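Notes follow once the structure below has been shown.
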2 protein chains.
Amino acid sequence: MRRGRHSSAWKNVVLSRDQQFALKRAALLRQAARAFSAHGYHDTSLDDVAKTLGVTKAALYYYVKNKQEILFECHMQAQDLGETALQHSEQNGRSGRDKILLLATKYIELITSEMGSFAVLGEFDALDAENRTIIARRRDKFDRHFRKLVSDGIADGSIRAVDPKLTVFFFMGAINWMTRWFRPDGPLPGTDIARHFADLLDKAISASPAEPAAKAARSRASARA
Amino acid sequence: MRRGRHSSAWKNVVLSRDQQFALKRAALLRQAARAFSAHGYHDTSLDDVAKTLGVTKAALYYYVKNKQEILFECHMQAQDLGETALQHSEQNGRSGRDKILLLATKYIELITSEMGSFAVLGEFDALDAENRTIIARRRDKFDRHFRKLVSDGIADGSIRAVDPKLTVFFFMGAINWMTRWFRPDGPLPGTDIARHFADLLDKAISASPAEPAAKAARSRASARA
DNA sequence: CCGCTTTTTGACGACTTGGTCAAATTCGCC
DNA sequence: GGCGAATTTGACCAAGTCGTCAAAAAGCGG
């Protein structure tokens with residue numbers, strides 16, 4: 001597994017050592033995220049993780065500094081999902097309400113297809129002091145942005161007068177709790193849940209309860225699902 | 001642990017040994033619940049719990065069979081809160097919407113004053129197989145009842161056509177997530193949160209968005225807070 | 001103050017787990 | 001085939017934790 005510098009043509013399909021390394025590391029983080037989400041950080045031994053990967057615990061330390069680093073990286077990946085959804089909503093939404101519904105829909109769609117990494121956010125307390133600060137800062141930034149969408153919506157008249165902070169807590173709770181009941185192989189596809197939850201949120205906060213603009217925003221969102 | 005059978009009058013103020021026992025055991029469960037909620041079950045050592053009580057770990061085993069029993073009892077206590085709220089809503093509500101809003105309000109008021117015990121519900125996975133089954137059954141029973149309130153509300157016209165299951169998941173998520181951000185000594189009293197969350201839920205699911213009946217239900221609920 | 005019961009202690013054993021390291025193995029390449 | 005670097009292993013240590021037990025301490029009635 002080297003990079004195919006001057007090797008024959010098909011050697012290029014074979015992965016370089018760097019690629020191998022990255023791939024294996026990613027697989028490690030993936031499995032760890034699943035395990036952490038399923039049994040909790042402290043109740044998941046690295047021996048367990050190694051076993052699911054078909055290697056020895058010692059081998060893991062070739063790809064990662066320690067257990068805490070694994071958890072940290074998982075958190076970062078999970079938070080990326082939220083940031084992606086946020087960008088999506090900023091780019092495609094007009095009013096505050098538009099953006100909020102796009103964010104909600106996109107976010108749920110993303111996490112339902114990446115439950116492993118997402119669910120690890122429940123293990124926030126397992127982060128050590130230093131990492132916890134980093135993750136908390138990033139989470140707070142996300143929260144602030146989300147709240148701003150709400151207050152913007154109130155300002156532009158698309159959202160009724162609600163407390164932005166409590167409203168965001170309210171909805172983020174509904175989303176984060178999904179890690180407890182959502183199963184990728186369950187009866188409900190993520191897109192259905194996204195639609196339904198966005199609808200509940202819409203009715204909960206929109207200024208004009210029967211306005212057709214809401215429909216437009218929702219269909220636009222699900223169109224790019 | 002004896003009772004004060006034929007002792008002199010003021011001896012009755014002093015607690016019997018049974019009472020002592022019950023009180024100390026309760027205190028143990030209380031502190032344990034706090035610790036479990038704060039650091040997680042697996043990351044809380046019994047030495048820690050014992051230290052906060054000013055005793056030795058070994059002393060705990062006089063009041064409790066093992067660590068797992070502590071967790072189980074905490075879960076039971078936490079679930080009692082939900083059942084209490086449910087009874088309250090059944091007794092004081094008329095329509096499905098009435099009952100749902102009463103349940104939501106009462107439940108939040110209860111848990112915000114008992115965060116320690118409530119937050120332990122987040123440690124569901126730490127239960128061993130046997131206890132997990134028991135707790136899960138009771139939780140499912142609560143969920144079913146809650147869902148029935150929703151479908152009843154749809155039937156009696158007080159709730160719009162929503163998916164009861166998803167709606168309950170949605171709202172229970174919002175509530176359960178409170179363990180992550182609510183602080184008893186924070187700026188917002190539990191009653192405020194209860195009111196605000198109930199309002200969001202109301203708007204999200206009620207059939208007639210501007211109906212005055214909702215106000216009546218809410219004020220009735222907060223009156224008995 | 002005595003004697004009996006309740007309560008607490010300190011020391012300890014068994015076990016799990018995170019992390020380390022030198023040695024062994026694998027792999028691409030000349 | 002054989003060389004050198006990348007990768008993996010097995011053995012091992014140190015730390016932490018649950019749970020136990022005989023013995024000590026505390027509490028209380030007579």
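Note on naming: chains are A, B, ... as they come in the structure tokens, residues start from 1 per chain, ligands start from 1 in the order shown.
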
**Message:** Using only C-alpha atoms (C1' of nucleotides), which protein or nucleic acid residues come within 10 Å of Arg138 in chain A? Drop anything in the same chain fewer than 4 positions from it, and give the result as an MDAnalysis selection string.
**Reply:** chainID A and resid 76 79:80 83 132:134 142:144

Each residue of chain B lying at most 8 Å from chain A should get a row with its shortest atom-to-atom pair and the distance in Å to one decimal, counting only C-alpha atoms; could you produce that, ordered by chain and increasing number, as a Markdown table?
| residue | atom | partner | partner_atom | distance |
| --- | --- | --- | --- | --- |
| B:Ala38 | CA | A:Asp125 | CA | 7.9 |
| B:His39 | CA | A:Asp125 | CA | 6.4 |
| B:Gly40 | CA | A:Asp125 | CA | 7.7 |
| B:His42 | CA | A:His42 | CA | 6.0 |
| B:Asp43 | CA | A:His42 | CA | 6.6 |
| B:Asp125 | CA | A:His39 | CA | 6.5 |
| B:Ala126 | CA | A:His39 | CA | 7.8 |
| B:Leu166 | CA | A:Ile193 | CA | 7.6 |
| B:Thr167 | CA | A:Leu200 | CA | 7.9 |
| B:Phe169 | CA | A:Ala174 | CA | 7.2 |
| B:Phe170 | CA | A:Ala174 | CA | 4.7 |
| B:Phe171 | CA | A:Ala174 | CA | 6.2 |
| B:Met172 | CA | A:Ala174 | CA | 7.1 |
| B:Gly173 | CA | A:Ala174 | CA | 4.1 |
| B:Ala174 | CA | A:Gly173 | CA | 4.1 |
| B:Ile175 | CA | A:Gly173 | CA | 7.0 |
| B:Asn176 | CA | A:Gly173 | CA | 7.1 |
| B:Trp177 | CA | A:Gly173 | CA | 4.7 |
| B:Met178 | CA | A:Gly173 | CA | 7.3 |
| B:Ile193 | CA | A:Leu166 | CA | 7.6 |
| B:His196 | CA | A:Leu166 | CA | 7.6 |
| B:Phe197 | CA | A:Phe170 | CA | 7.1 |
| B:Leu200 | CA | A:Ala204 | CA | 5.0 |
| B:Leu201 | CA | A:Ala204 | CA | 6.4 |
| B:Asp202 | CA | A:Ala204 | CA | 7.3 |
| B:Lys203 | CA | A:Ala204 | CA | 4.6 |
| B:Ala204 | CA | A:Ala204 | CA | 4.0 |
| B:Ile205 | CA | A:Leu200 | CA | 7.0 |
| B:Pro209 | CA | A:Pro209 | CA | 6.6 |

Write out, as a short mmCIF file (atom, residue, chain, number, x, y, z; two decimals), in the first residue's frame, the residues just selected, with C-alpha atoms.
data_model
loop_
_atom_site.label_atom_id
_atom_site.label_comp_id
_atom_site.auth_asym_id
_atom_site.auth_seq_id
_atom_site.Cartn_x
_atom_site.Cartn_y
_atom_site.Cartn_z
CA ALA B 38 -23.90 14.60 37.04
CA HIS B 39 -21.18 12.16 36.05
CA GLY B 40 -22.99 9.13 34.75
CA HIS B 42 -20.30 4.14 35.33
CA ASP B 43 -18.21 7.14 36.17
CA ASP B 125 -28.52 1.94 29.46
CA ALA B 126 -26.67 1.41 32.69
CA LEU B 166 -44.05 11.11 16.91
CA THR B 167 -45.72 13.91 18.79
CA PHE B 169 -41.49 11.53 21.17
CA PHE B 170 -41.13 15.11 20.12
CA PHE B 171 -42.34 16.55 23.37
CA MET B 172 -40.78 13.98 25.67
CA GLY B 173 -37.50 14.78 24.00
CA ALA B 174 -37.91 18.44 24.75
CA ILE B 175 -38.61 17.57 28.38
CA ASN B 176 -35.95 14.95 28.88
CA TRP B 177 -33.34 17.20 27.36
CA MET B 178 -33.93 19.62 30.20
CA ILE B 193 -40.38 26.88 31.70
CA HIS B 196 -43.50 28.31 27.96
CA PHE B 197 -43.06 24.69 26.92
CA LEU B 200 -45.18 25.75 22.44
CA LEU B 201 -46.73 22.32 22.61
CA ASP B 202 -50.20 23.81 22.58
CA LYS B 203 -49.58 25.79 19.42
CA ALA B 204 -47.88 22.81 17.83
CA ILE B 205 -50.80 20.44 18.20
CA PRO B 209 -54.78 27.98 16.84
#

**Request:** Determine which residues of chain B sit within 10 Å of chain D, taking into account only C-alpha atoms (C1' of nucleotides), and present them as a list of chain:residue names.
**Result:** B:Ser7, B:Thr44, B:Ser45, B:Leu46, B:Asp47, B:Lys57, B:Ala58, B:Tyr61, B:Lys65, B:Asn66, B:Lys67

Write to file, as a compact mmCIF listing (two decimals), in the first residue's frame, the residues of the selection just made, with all heavy atoms.
# COMPACT_ATOMS: atom_id res chain seq x y z
N SER B 7 -41.79 3.79 75.32
CA SER B 7 -40.86 4.79 75.82
C SER B 7 -41.59 6.04 76.29
O SER B 7 -42.77 6.23 76.02
CB SER B 7 -39.84 5.13 74.73
OG SER B 7 -40.37 4.90 73.44
N THR B 44 -19.33 7.09 38.29
CA THR B 44 -19.54 7.47 39.68
C THR B 44 -19.18 6.29 40.57
O THR B 44 -19.81 5.24 40.48
CB THR B 44 -21.01 7.85 39.93
OG1 THR B 44 -21.37 8.93 39.06
CG2 THR B 44 -21.22 8.26 41.37
N SER B 45 -18.18 6.44 41.38
CA SER B 45 -17.80 5.34 42.25
C SER B 45 -18.58 5.43 43.55
O SER B 45 -18.96 6.51 43.99
CB SER B 45 -16.30 5.37 42.54
OG SER B 45 -16.02 6.38 43.48
N LEU B 46 -18.79 4.29 44.16
CA LEU B 46 -19.51 4.29 45.42
C LEU B 46 -18.69 4.99 46.50
O LEU B 46 -19.24 5.51 47.47
CB LEU B 46 -19.85 2.87 45.82
CG LEU B 46 -20.89 2.21 44.91
CD1 LEU B 46 -21.30 0.86 45.44
CD2 LEU B 46 -22.11 3.10 44.76
N ASP B 47 -17.40 5.00 46.35
CA ASP B 47 -16.56 5.76 47.27
C ASP B 47 -16.94 7.24 47.20
O ASP B 47 -17.04 7.90 48.23
CB ASP B 47 -15.08 5.58 46.90
CG ASP B 47 -14.52 4.28 47.44
OD1 ASP B 47 -14.68 4.02 48.65
OD2 ASP B 47 -13.95 3.50 46.67
N LYS B 57 -17.66 3.54 51.99
CA LYS B 57 -18.37 2.76 50.98
C LYS B 57 -19.02 1.53 51.60
O LYS B 57 -20.17 1.20 51.30
CB LYS B 57 -17.40 2.34 49.89
CG LYS B 57 -18.04 1.48 48.83
CD LYS B 57 -17.04 1.07 47.75
CE LYS B 57 -15.96 0.18 48.31
NZ LYS B 57 -15.07 -0.35 47.26
N ALA B 58 -18.28 0.89 52.48
CA ALA B 58 -18.81 -0.34 53.08
C ALA B 58 -20.13 -0.10 53.80
O ALA B 58 -21.00 -0.97 53.83
CB ALA B 58 -17.78 -0.92 54.04
N TYR B 61 -23.44 -0.57 51.92
CA TYR B 61 -23.95 -1.92 51.70
C TYR B 61 -24.83 -2.41 52.85
O TYR B 61 -25.38 -3.50 52.79
CB TYR B 61 -22.79 -2.89 51.45
CG TYR B 61 -22.26 -2.76 50.04
CD1 TYR B 61 -21.33 -1.77 49.72
CD2 TYR B 61 -22.72 -3.59 49.03
CE1 TYR B 61 -20.86 -1.63 48.43
CE2 TYR B 61 -22.25 -3.47 47.73
CZ TYR B 61 -21.33 -2.48 47.43
OH TYR B 61 -20.87 -2.33 46.15
N LYS B 65 -28.34 -3.44 48.45
CA LYS B 65 -27.73 -4.70 48.05
C LYS B 65 -26.46 -4.47 47.23
O LYS B 65 -25.42 -5.06 47.48
CB LYS B 65 -28.73 -5.53 47.25
CG LYS B 65 -28.23 -6.90 46.85
CD LYS B 65 -29.37 -7.86 46.52
CE LYS B 65 -30.19 -7.44 45.32
NZ LYS B 65 -29.48 -7.42 44.03
N ASN B 66 -26.56 -3.63 46.24
CA ASN B 66 -25.39 -3.33 45.41
C ASN B 66 -25.64 -2.06 44.60
O ASN B 66 -26.70 -1.43 44.72
CB ASN B 66 -25.06 -4.51 44.49
CG ASN B 66 -26.25 -4.91 43.65
OD1 ASN B 66 -27.13 -4.11 43.39
ND2 ASN B 66 -26.29 -6.16 43.26
N LYS B 67 -24.67 -1.71 43.81
CA LYS B 67 -24.77 -0.46 43.05
C LYS B 67 -25.97 -0.46 42.11
O LYS B 67 -26.65 0.56 41.94
CB LYS B 67 -23.47 -0.26 42.25
CG LYS B 67 -23.29 1.13 41.71
CD LYS B 67 -22.00 1.23 40.89
CE LYS B 67 -21.82 2.64 40.34
NZ LYS B 67 -20.65 2.72 39.41

Compile a residue-level contact table for chain B against chain C at a cut-off of 12 Å, reporting for every qualifying residue the shortest atom pair and its distance in Å to one decimal, with only C-alpha atoms (C1' of nucleotides) counted, rows ordered by chain and ascending number, as JSON lines.
{"residue": "B:Met1", "atom": "CA", "partner": "C:DT6", "partner_atom": "C1'", "distance": 7.1}
{"residue": "B:Arg2", "atom": "CA", "partner": "C:DT6", "partner_atom": "C1'", "distance": 9.6}
{"residue": "B:Arg17", "atom": "CA", "partner": "C:DT6", "partner_atom": "C1'", "distance": 8.7}
{"residue": "B:Asp18", "atom": "CA", "partner": "C:DT6", "partner_atom": "C1'", "distance": 10.9}
{"residue": "B:Gln20", "atom": "CA", "partner": "C:DT7", "partner_atom": "C1'", "distance": 11.1}
{"residue": "B:Phe21", "atom": "CA", "partner": "C:DT7", "partner_atom": "C1'", "distance": 10.0}
{"residue": "B:Lys24", "atom": "CA", "partner": "C:DT7", "partner_atom": "C1'", "distance": 11.6}
{"residue": "B:Ala50", "atom": "CA", "partner": "C:DT8", "partner_atom": "C1'", "distance": 11.9}
{"residue": "B:Gly54", "atom": "CA", "partner": "C:DT8", "partner_atom": "C1'", "distance": 11.2}
{"residue": "B:Val55", "atom": "CA", "partner": "C:DT8", "partner_atom": "C1'", "distance": 7.9}
{"residue": "B:Thr56", "atom": "CA", "partner": "C:DT9", "partner_atom": "C1'", "distance": 7.3}
{"residue": "B:Lys57", "atom": "CA", "partner": "C:DT9", "partner_atom": "C1'", "distance": 9.4}
{"residue": "B:Ala58", "atom": "CA", "partner": "C:DT9", "partner_atom": "C1'", "distance": 7.5}
{"residue": "B:Ala59", "atom": "CA", "partner": "C:DT8", "partner_atom": "C1'", "distance": 5.8}
{"residue": "B:Leu60", "atom": "CA", "partner": "C:DT8", "partner_atom": "C1'", "distance": 9.5}
{"residue": "B:Tyr61", "atom": "CA", "partner": "C:DT8", "partner_atom": "C1'", "distance": 10.4}
{"residue": "B:Tyr62", "atom": "CA", "partner": "C:DT7", "partner_atom": "C1'", "distance": 8.0}
{"residue": "B:Tyr63", "atom": "CA", "partner": "C:DT7", "partner_atom": "C1'", "distance": 10.2}

**Message:** Which residues are close to Ile70 in chain A, i.e. within 8 Å by only C-alpha atoms (C1' of nucleotides), leaving aside same-chain residues fewer than 5 positions away? Reply as a list in words.
**Reply:** Leu29, Ala32 and Val64 of chain A
